[in-house]
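Structure file run_16.pdb (PDB, C-alpha atoms and all ligand atoms) follows.
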ATOM      1  CA  MET A   1     -23.634   4.691  -6.149
ATOM      2  CA  SER A   2     -20.082   4.579  -7.461
ATOM      3  CA  THR A   3     -17.210   4.076  -5.036
ATOM      4  CA  PHE A   4     -13.746   5.644  -5.065
ATOM      5  CA  TYR A   5     -12.539   2.231  -6.279
ATOM      6  CA  ASP A   6     -14.796   2.453  -9.374
ATOM      7  CA  GLU A   7     -14.020   6.113  -9.978
ATOM      8  CA  VAL A   8     -10.273   5.517 -10.292
ATOM      9  CA  GLY A   9     -10.517   2.531 -12.640
ATOM     10  CA  GLY A  10     -11.117  -0.369 -10.225
ATOM     11  CA  HIS A  11      -9.038  -3.551 -10.263
ATOM     12  CA  ASP A  12      -6.854  -2.482 -13.170
ATOM     13  CA  THR A  13      -5.657   0.682 -11.414
ATOM     14  CA  PHE A  14      -4.976  -1.014  -8.061
ATOM     15  CA  THR A  15      -3.130  -3.812  -9.846
ATOM     16  CA  LYS A  16      -0.904  -1.243 -11.578
ATOM     17  CA  ILE A  17      -0.238   0.734  -8.401
ATOM     18  CA  THR A  18       0.752  -2.309  -6.339
ATOM     19  CA  ALA A  19       2.819  -3.851  -9.153
ATOM     20  CA  ARG A  20       4.798  -0.622  -9.525
ATOM     21  CA  PHE A  21       5.104  -0.227  -5.758
ATOM     22  CA  TYR A  22       6.665  -3.684  -5.375
ATOM     23  CA  GLU A  23       9.001  -3.096  -8.334
ATOM     24  CA  GLU A  24      10.356  -0.164  -6.339
ATOM     25  CA  VAL A  25      10.492  -2.184  -3.093
ATOM     26  CA  ALA A  26      12.491  -4.904  -4.866
ATOM     27  CA  ASP A  27      15.221  -2.336  -5.614
ATOM     28  CA  ASP A  28      15.098  -0.474  -2.297
ATOM     29  CA  GLU A  29      17.955  -1.227   0.082
ATOM     30  CA  ILE A  30      16.031  -0.068   3.164
ATOM     31  CA  LEU A  31      12.747  -1.855   2.448
ATOM     32  CA  ARG A  32      13.764  -5.031   0.644
ATOM     33  CA  PRO A  33      15.540  -6.645   3.638
ATOM     34  CA  LEU A  34      12.392  -6.207   5.775
ATOM     35  CA  TYR A  35      10.294  -8.513   3.610
ATOM     36  CA  PRO A  36      10.601 -12.052   4.975
ATOM     37  CA  GLU A  37       9.808 -13.876   1.742
ATOM     38  CA  GLU A  38      12.057 -14.119  -1.291
ATOM     39  CA  ASP A  39       9.007 -13.904  -3.547
ATOM     40  CA  LEU A  40       7.319 -10.498  -3.222
ATOM     41  CA  GLY A  41       4.294 -11.726  -5.217
ATOM     42  CA  PRO A  42       2.172 -12.799  -2.214
ATOM     43  CA  ALA A  43       2.911  -9.517  -0.376
ATOM     44  CA  GLU A  44       1.951  -7.587  -3.502
ATOM     45  CA  ARG A  45      -1.348  -9.471  -3.680
ATOM     46  CA  ARG A  46      -2.150  -8.802   0.019
ATOM     47  CA  MET A  47      -1.458  -5.096  -0.442
ATOM     48  CA  ARG A  48      -3.642  -4.939  -3.568
ATOM     49  CA  MET A  49      -6.536  -6.748  -1.879
ATOM     50  CA  PHE A  50      -6.268  -4.489   1.171
ATOM     51  CA  LEU A  51      -6.276  -1.256  -0.860
ATOM     52  CA  GLU A  52      -9.145  -2.457  -3.068
ATOM     53  CA  GLN A  53     -11.223  -3.236   0.008
ATOM     54  CA  TYR A  54     -10.329   0.021   1.758
ATOM     55  CA  TRP A  55     -11.442   2.112  -1.243
ATOM     56  CA  GLY A  56     -14.767   0.353  -1.727
ATOM     57  CA  GLY A  57     -13.885  -2.602  -3.954
ATOM     58  CA  PRO A  58     -14.209  -6.349  -3.259
ATOM     59  CA  HIS A  59     -13.736  -7.600   0.335
ATOM     60  CA  THR A  60     -11.376 -10.389  -0.636
ATOM     61  CA  TYR A  61      -8.747  -9.158   1.817
ATOM     62  CA  SER A  62     -10.890  -9.702   4.907
ATOM     63  CA  ASP A  63     -12.419 -12.892   3.513
ATOM     64  CA  GLU A  64      -8.898 -14.336   3.412
ATOM     65  CA  ARG A  65      -7.068 -12.485   6.185
ATOM     66  CA  GLY A  66      -9.733 -11.308   8.637
ATOM     67  CA  HIS A  67      -9.676  -7.832  10.167
ATOM     68  CA  PRO A  68      -6.729  -5.867   8.691
ATOM     69  CA  ARG A  69      -5.177  -4.813  12.073
ATOM     70  CA  LEU A  70      -2.366  -3.308  10.041
ATOM     71  CA  ARG A  71      -0.448  -1.720  12.882
ATOM     72  CA  MET A  72      -0.341  -5.036  14.717
ATOM     73  CA  ARG A  73       0.657  -6.950  11.570
ATOM     74  CA  HIS A  74       3.601  -4.570  11.106
ATOM     75  CA  MET A  75       4.961  -5.000  14.644
ATOM     76  CA  PRO A  76       7.489  -7.697  13.563
ATOM     77  CA  TYR A  77       9.181  -5.127  11.304
ATOM     78  CA  ARG A  78      11.162  -2.220  12.637
ATOM     79  CA  ILE A  79       9.526   0.855  11.095
ATOM     80  CA  GLY A  80      11.103   4.240  11.859
ATOM     81  CA  LEU A  81      11.210   7.501   9.909
ATOM     82  CA  LEU A  82      13.695   6.072   7.410
ATOM     83  CA  GLU A  83      11.461   3.101   6.595
ATOM     84  CA  ARG A  84       8.334   5.291   6.425
ATOM     85  CA  ASP A  85      10.047   7.689   4.020
ATOM     86  CA  ALA A  86      11.293   4.837   1.835
ATOM     87  CA  TRP A  87       7.804   3.310   1.756
ATOM     88  CA  LEU A  88       6.225   6.635   0.812
ATOM     89  CA  ARG A  89       8.820   7.243  -1.880
ATOM     90  CA  CYS A  90       7.889   3.927  -3.517
ATOM     91  CA  MET A  91       4.166   4.632  -3.139
ATOM     92  CA  ARG A  92       4.452   8.140  -4.626
ATOM     93  CA  ILE A  93       6.228   6.679  -7.664
ATOM     94  CA  ALA A  94       3.550   3.979  -7.976
ATOM     95  CA  ILE A  95       0.675   6.458  -7.797
ATOM     96  CA  GLY A  96       2.573   8.820 -10.102
ATOM     97  CA  SER A  97       2.681   6.089 -12.730
ATOM     98  CA  ILE A  98      -1.118   6.325 -13.174
ATOM     99  CA  GLY A  99      -2.073   8.931 -15.755
ATOM    100  CA  ASP A 100      -4.346  11.954 -15.187
ATOM    101  CA  ASP A 101      -6.914  10.441 -17.550
ATOM    102  CA  VAL A 102      -7.499   7.657 -14.986
ATOM    103  CA  LEU A 103      -6.644   9.445 -11.730
ATOM    104  CA  ASP A 104      -7.767  13.078 -11.604
ATOM    105  CA  ALA A 105      -6.213  15.649  -9.252
ATOM    106  CA  ASP A 106      -8.839  15.286  -6.526
ATOM    107  CA  HIS A 107      -8.661  11.475  -6.384
ATOM    108  CA  ARG A 108      -4.863  11.593  -6.565
ATOM    109  CA  ARG A 109      -4.708  13.992  -3.618
ATOM    110  CA  LYS A 110      -7.059  11.810  -1.524
ATOM    111  CA  LEU A 111      -5.010   8.714  -2.274
ATOM    112  CA  LEU A 112      -1.713  10.413  -1.398
ATOM    113  CA  GLU A 113      -3.108  11.954   1.807
ATOM    114  CA  TYR A 114      -4.340   8.552   2.929
ATOM    115  CA  MET A 115      -0.963   6.923   2.202
ATOM    116  CA  GLU A 116       0.858   9.608   4.207
ATOM    117  CA  MET A 117      -1.491   9.203   7.157
ATOM    118  CA  ALA A 118      -1.340   5.388   7.009
ATOM    119  CA  ALA A 119       2.461   5.326   6.707
ATOM    120  CA  ASP A 120       2.804   7.629   9.748
ATOM    121  CA  SER A 121       0.518   5.380  11.752
ATOM    122  CA  MET A 122       2.722   2.340  10.992
ATOM    123  CA  ILE A 123       5.806   3.802  12.716
ATOM    124  CA  ASN A 124       6.649   1.546  15.676
ATOM    125  CA  SER A 125      10.286   2.466  16.435
ATOM    126  CA  PRO A 126      11.569   5.919  17.255
ATOM    127  CA  GLY A 127      14.607   7.341  15.484
TER     128      GLY A 127
HETATM  129  C1  LIG A 201       2.689  -6.217   5.000
HETATM  130  C2  LIG A 201       6.436  -3.210   5.482
HETATM  131  C3  LIG A 201       3.394   0.542   5.567
HETATM  132  C4  LIG A 201      -0.123  -2.412   4.049
HETATM  133  C5  LIG A 201       3.962  -5.724   5.158
HETATM  134  C6  LIG A 201       5.142  -6.536   5.303
HETATM  135  C7  LIG A 201       6.186  -5.690   5.439
HETATM  136  C8  LIG A 201       5.677  -4.341   5.381
HETATM  137  C9  LIG A 201       7.655  -6.055   5.616
HETATM  138  C10 LIG A 201       5.167  -8.080   5.283
HETATM  139  C11 LIG A 201       5.032  -8.541   3.863
HETATM  140  C12 LIG A 201       3.973  -9.596   3.677
HETATM  141  O1  LIG A 201       2.778  -9.271   3.492
HETATM  142  O2  LIG A 201       4.353 -10.755   3.687
HETATM  143  C13 LIG A 201       5.935  -1.920   5.580
HETATM  144  C14 LIG A 201       6.743  -0.748   5.862
HETATM  145  C15 LIG A 201       5.884   0.317   5.912
HETATM  146  C16 LIG A 201       4.542  -0.197   5.646
HETATM  147  C17 LIG A 201       8.245  -0.689   6.067
HETATM  148  C18 LIG A 201       6.306   1.744   6.187
HETATM  149  C19 LIG A 201       5.527   2.683   6.685
HETATM  150  C20 LIG A 201       2.170   0.086   5.129
HETATM  151  C21 LIG A 201       1.002   0.895   4.889
HETATM  152  C22 LIG A 201       0.014   0.075   4.453
HETATM  153  C23 LIG A 201       0.557  -1.276   4.436
HETATM  154  C24 LIG A 201       0.958   2.406   5.084
HETATM  155  C25 LIG A 201      -1.393   0.379   4.043
HETATM  156  C26 LIG A 201      -1.769   1.497   3.474
HETATM  157  C27 LIG A 201       0.305  -3.687   4.224
HETATM  158  C28 LIG A 201      -0.527  -4.871   4.065
HETATM  159  C29 LIG A 201       0.275  -5.970   4.376
HETATM  160  C30 LIG A 201       1.597  -5.441   4.686
HETATM  161  C31 LIG A 201      -1.994  -4.886   3.651
HETATM  162  C32 LIG A 201      -0.163  -7.441   4.418
HETATM  163  C33 LIG A 201      -0.790  -7.696   5.797
HETATM  164  C34 LIG A 201      -1.268  -9.130   5.956
HETATM  165  O3  LIG A 201      -2.421  -9.409   5.600
HETATM  166  O4  LIG A 201      -0.491  -9.947   6.438
HETATM  167  N1  LIG A 201       4.317  -4.405   5.209
HETATM  168  N2  LIG A 201       4.635  -1.561   5.440
HETATM  169  N3  LIG A 201       1.864  -1.224   4.837
HETATM  170  N4  LIG A 201       1.576  -4.080   4.603
HETATM  171 FE1  LIG A 201       3.084  -2.829   5.017
END

What would you get if you wrote out this structure as structure tokens?
Ligand code: HEM
Amino acid sequence: MSTFYDEVGGHDTFTKITARFYEEVADDEILRPLYPEEDLGPAERRMRMFLEQYWGGPHTYSDERGHPRLRMRHMPYRIGLLERDAWLRCMRIAIGSIGDDVLDADHRRKLLEYMEMAADSMINSPG
């Protein structure tokens, strides 16, 4: 049975989405200061592994990092509406960079709906 991961082009697609996402983060004045490391490469890799696992690809994320516990892992960073919106802006650009030939309307909608839900759930500071 094919997974969502396979249906949207597997590793290649998730690599492109996360690479584009972190290009946007690097230039974002709200998000960039939140990232503790100067090199965004390791964060990009963790995000790619997480998304690949979530959508039915390899389980490398949990093999290396254990249970995702994403809300808990984000507690050190102040995430309010501003940060959520900035994050979603970068993610919409990243997903938008994948062509319709690879990501059809139905898969695109599912991916975007998940990102919106997940970003909302990461808010840990009001205002
Ligand atoms: C890690 C910010 C939402 C997935 C991080 C880090 C920051 C951050 C600063 C630490 C970078 C690092 O890994 O070294 C934010 C902000 C968000 C947000 C401002 C706004 C809503 C999300 C969402 C997801 C996500 C919605 C998943 C769909 C991850 C993952 C990691 C991470 C997988 C690495 C966790 C680990 O294994 O340590 N995020 N994030 N983030 N974020 Fe987010």

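Around Gly99 in chain A, within 12 Å and counting all atoms listed in the file, the residues found are Val8, Gly9, Thr13, Lys16, Ile17, Ile93, Ala94, Ile95, Leu103, Asp104, Ala105, His107 and Arg108 of chain A, once anything fewer than 4 positions away on its own chain is removed.
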
Atoms kept (C-alpha atoms) for selection, written as a PDB file, keeping the file's coordinate frame:
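Saved result, result.pdb, follows:
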ATOM      1  CA  VAL A   8     -10.273   5.517 -10.292  1.00  0.00           C
ATOM      2  CA  GLY A   9     -10.517   2.531 -12.640  1.00  0.00           C
ATOM      3  CA  THR A  13      -5.657   0.682 -11.414  1.00  0.00           C
ATOM      4  CA  LYS A  16      -0.904  -1.243 -11.578  1.00  0.00           C
ATOM      5  CA  ILE A  17      -0.238   0.734  -8.401  1.00  0.00           C
ATOM      6  CA  ILE A  93       6.228   6.679  -7.664  1.00  0.00           C
ATOM      7  CA  ALA A  94       3.550   3.979  -7.976  1.00  0.00           C
ATOM      8  CA  ILE A  95       0.675   6.458  -7.797  1.00  0.00           C
ATOM      9  CA  LEU A 103      -6.644   9.445 -11.730  1.00  0.00           C
ATOM     10  CA  ASP A 104      -7.767  13.078 -11.604  1.00  0.00           C
ATOM     11  CA  ALA A 105      -6.213  15.649  -9.252  1.00  0.00           C
ATOM     12  CA  HIS A 107      -8.661  11.475  -6.384  1.00  0.00           C
ATOM     13  CA  ARG A 108      -4.863  11.593  -6.565  1.00  0.00           C
TER      14      ARG A 108
END

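Among A:Asp85, A:Cys90, A:Glu64, A:Thr18, the residue with the shortest atom-to-atom distance to Met122 in chain A, counting only C-alpha atoms, is A:Asp85.
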
Which one is closest to ligand LIG 201 (chain A): A:Leu40, A:Val25, A:Leu111, A:Met47? Count all atoms listed in the file. A:Met47

Surrounding residues as a count of residues only, ligand LIG 201 (chain A), max 9 Å, all atoms listed in the file: 56

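Between CA of Asp6 in chain A and CA of Gly57 in chain A lies a distance of 7.5 Å.
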
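Residues matched by the PyMOL selection byres (((chain A and resi 24) around 9) and not hetatm) in this structure: Ala19, Arg20, Phe21, Tyr22, Glu23, Val25, Ala26, Asp27, Asp28, Arg89, Cys90, Met91, Ile93 and Ala94 of chain A.
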
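Of note, CA of Phe14 in chain A and CA of Pro58 in chain A are spaced 11.7 Å apart.
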
So how many Å separate CA of Trp55 in chain A and CA of Gly10 in chain A, to one decimal? 9.3 Å

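With all atoms listed in the file as the atoms that count, the minimum distance from Gly56 in chain A to the choices A:Tyr5, A:Asp39, A:Met75, A:Asp101 is reached by A:Tyr5.
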
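With all atoms listed in the file as the atoms that count, the minimum distance from Glu113 in chain A to the choices A:Arg92, A:Glu7, A:Ser125, A:Ile98 is reached by A:Arg92.
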